[in-house]
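Quick notes on the structure that follows.
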Amino acid sequence: MAPATVTAPATHKQPSRKGKKAWRKNVDISAVQTGLEEVRDEIVKHGGVVAEKDADQLFATDLT
């Protein structure tokens, strides 16, 4: 008869108890805020984001 191998029982892995507040608490979002402010400024100055506009919307052809 072959010897039986005895192993430790499987342990139950417990999920993290950290909630949404704890995840959001120590996150630096200053770079995101400055980027959003720049986009808002472009929308106010140019009527939209310049990179998303076509050339026809940015330039006018003078036919005179």
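A note on labels: chains of the structure tokens are A, B, ... as shown, every chain counts residues from 1, and ligands are counted from 1 in their shown order.
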Would you return as a ChimeraX atom specification the members of range 3-64 of chain A that DSSP assigns to alpha helix (DSSP H) on this structure's backbone?
/A:20-25,30-46,55-58
Residues just named, written with N, CA and C atoms as a PDB file, in the first residue's frame:
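For reference, part-v7.pdb as written:
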```pdb
ATOM      1  N   LYS A  20     -14.521  52.132  -0.041  1.00  0.00           N
ATOM      2  CA  LYS A  20     -14.302  53.180  -1.038  1.00  0.00           C
ATOM      3  C   LYS A  20     -13.714  54.440  -0.419  1.00  0.00           C
ATOM      4  N   LYS A  21     -14.167  54.785   0.777  1.00  0.00           N
ATOM      5  CA  LYS A  21     -13.643  55.996   1.418  1.00  0.00           C
ATOM      6  C   LYS A  21     -12.146  55.877   1.662  1.00  0.00           C
ATOM      7  N   ALA A  22     -11.714  54.724   2.111  1.00  0.00           N
ATOM      8  CA  ALA A  22     -10.297  54.530   2.390  1.00  0.00           C
ATOM      9  C   ALA A  22      -9.475  54.572   1.101  1.00  0.00           C
ATOM     10  N   TRP A  23     -10.017  54.074   0.010  1.00  0.00           N
ATOM     11  CA  TRP A  23      -9.288  54.102  -1.253  1.00  0.00           C
ATOM     12  C   TRP A  23      -9.159  55.528  -1.767  1.00  0.00           C
ATOM     13  N   ARG A  24     -10.180  56.330  -1.565  1.00  0.00           N
ATOM     14  CA  ARG A  24     -10.180  57.691  -2.091  1.00  0.00           C
ATOM     15  C   ARG A  24      -9.484  58.685  -1.177  1.00  0.00           C
ATOM     16  N   LYS A  25      -9.211  58.285   0.038  1.00  0.00           N
ATOM     17  CA  LYS A  25      -8.741  59.227   1.049  1.00  0.00           C
ATOM     18  C   LYS A  25      -7.370  59.820   0.722  1.00  0.00           C
ATOM     19  N   SER A  30      -4.427  66.169  -8.041  1.00  0.00           N
ATOM     20  CA  SER A  30      -4.122  67.529  -8.503  1.00  0.00           C
ATOM     21  C   SER A  30      -3.807  67.551  -9.999  1.00  0.00           C
ATOM     22  N   ALA A  31      -3.141  66.521 -10.523  1.00  0.00           N
ATOM     23  CA  ALA A  31      -2.831  66.476 -11.952  1.00  0.00           C
ATOM     24  C   ALA A  31      -4.110  66.369 -12.777  1.00  0.00           C
ATOM     25  N   VAL A  32      -5.056  65.598 -12.296  1.00  0.00           N
ATOM     26  CA  VAL A  32      -6.332  65.453 -12.997  1.00  0.00           C
ATOM     27  C   VAL A  32      -7.100  66.766 -12.963  1.00  0.00           C
ATOM     28  N   GLN A  33      -7.089  67.428 -11.822  1.00  0.00           N
ATOM     29  CA  GLN A  33      -7.802  68.696 -11.687  1.00  0.00           C
ATOM     30  C   GLN A  33      -7.222  69.757 -12.621  1.00  0.00           C
ATOM     31  N   THR A  34      -5.895  69.841 -12.720  1.00  0.00           N
ATOM     32  CA  THR A  34      -5.285  70.835 -13.607  1.00  0.00           C
ATOM     33  C   THR A  34      -5.603  70.524 -15.068  1.00  0.00           C
ATOM     34  N   GLY A  35      -5.620  69.253 -15.432  1.00  0.00           N
ATOM     35  CA  GLY A  35      -5.978  68.875 -16.800  1.00  0.00           C
ATOM     36  C   GLY A  35      -7.405  69.252 -17.138  1.00  0.00           C
ATOM     37  N   LEU A  36      -8.316  69.034 -16.203  1.00  0.00           N
ATOM     38  CA  LEU A  36      -9.714  69.403 -16.430  1.00  0.00           C
ATOM     39  C   LEU A  36      -9.879  70.915 -16.552  1.00  0.00           C
ATOM     40  N   GLU A  37      -9.124  71.662 -15.755  1.00  0.00           N
ATOM     41  CA  GLU A  37      -9.186  73.122 -15.843  1.00  0.00           C
ATOM     42  C   GLU A  37      -8.689  73.612 -17.203  1.00  0.00           C
ATOM     43  N   GLU A  38      -7.628  72.992 -17.727  1.00  0.00           N
ATOM     44  CA  GLU A  38      -7.112  73.377 -19.038  1.00  0.00           C
ATOM     45  C   GLU A  38      -8.138  73.106 -20.136  1.00  0.00           C
ATOM     46  N   VAL A  39      -8.812  71.971 -20.050  1.00  0.00           N
ATOM     47  CA  VAL A  39      -9.833  71.641 -21.049  1.00  0.00           C
ATOM     48  C   VAL A  39     -10.988  72.624 -20.962  1.00  0.00           C
ATOM     49  N   ARG A  40     -11.399  72.974 -19.754  1.00  0.00           N
ATOM     50  CA  ARG A  40     -12.481  73.949 -19.589  1.00  0.00           C
ATOM     51  C   ARG A  40     -12.090  75.308 -20.162  1.00  0.00           C
ATOM     52  N   ASP A  41     -10.838  75.715 -19.948  1.00  0.00           N
ATOM     53  CA  ASP A  41     -10.367  76.992 -20.497  1.00  0.00           C
ATOM     54  C   ASP A  41     -10.391  76.982 -22.026  1.00  0.00           C
ATOM     55  N   GLU A  42      -9.982  75.850 -22.640  1.00  0.00           N
ATOM     56  CA  GLU A  42     -10.020  75.744 -24.100  1.00  0.00           C
ATOM     57  C   GLU A  42     -11.445  75.834 -24.616  1.00  0.00           C
ATOM     58  N   ILE A  43     -12.373  75.205 -23.918  1.00  0.00           N
ATOM     59  CA  ILE A  43     -13.771  75.241 -24.342  1.00  0.00           C
ATOM     60  C   ILE A  43     -14.304  76.662 -24.279  1.00  0.00           C
ATOM     61  N   VAL A  44     -13.939  77.395 -23.239  1.00  0.00           N
ATOM     62  CA  VAL A  44     -14.416  78.771 -23.102  1.00  0.00           C
ATOM     63  C   VAL A  44     -13.784  79.670 -24.166  1.00  0.00           C
ATOM     64  N   LYS A  45     -12.479  79.533 -24.401  1.00  0.00           N
ATOM     65  CA  LYS A  45     -11.774  80.410 -25.336  1.00  0.00           C
ATOM     66  C   LYS A  45     -12.104  80.111 -26.796  1.00  0.00           C
ATOM     67  N   HIS A  46     -12.160  78.819 -27.143  1.00  0.00           N
ATOM     68  CA  HIS A  46     -12.259  78.433 -28.548  1.00  0.00           C
ATOM     69  C   HIS A  46     -13.585  77.768 -28.904  1.00  0.00           C
ATOM     70  N   ALA A  55     -10.046  70.946 -39.584  1.00  0.00           N
ATOM     71  CA  ALA A  55      -9.359  72.119 -40.123  1.00  0.00           C
ATOM     72  C   ALA A  55     -10.362  73.124 -40.677  1.00  0.00           C
ATOM     73  N   ASP A  56     -11.482  72.627 -41.209  1.00  0.00           N
ATOM     74  CA  ASP A  56     -12.501  73.531 -41.758  1.00  0.00           C
ATOM     75  C   ASP A  56     -13.105  74.416 -40.674  1.00  0.00           C
ATOM     76  N   GLN A  57     -13.216  73.892 -39.492  1.00  0.00           N
ATOM     77  CA  GLN A  57     -13.780  74.664 -38.394  1.00  0.00           C
ATOM     78  C   GLN A  57     -12.777  75.666 -37.827  1.00  0.00           C
ATOM     79  N   LEU A  58     -11.488  75.371 -37.952  1.00  0.00           N
ATOM     80  CA  LEU A  58     -10.466  76.246 -37.386  1.00  0.00           C
ATOM     81  C   LEU A  58     -10.065  77.372 -38.331  1.00  0.00           C
TER      82      LEU A  58
END
```
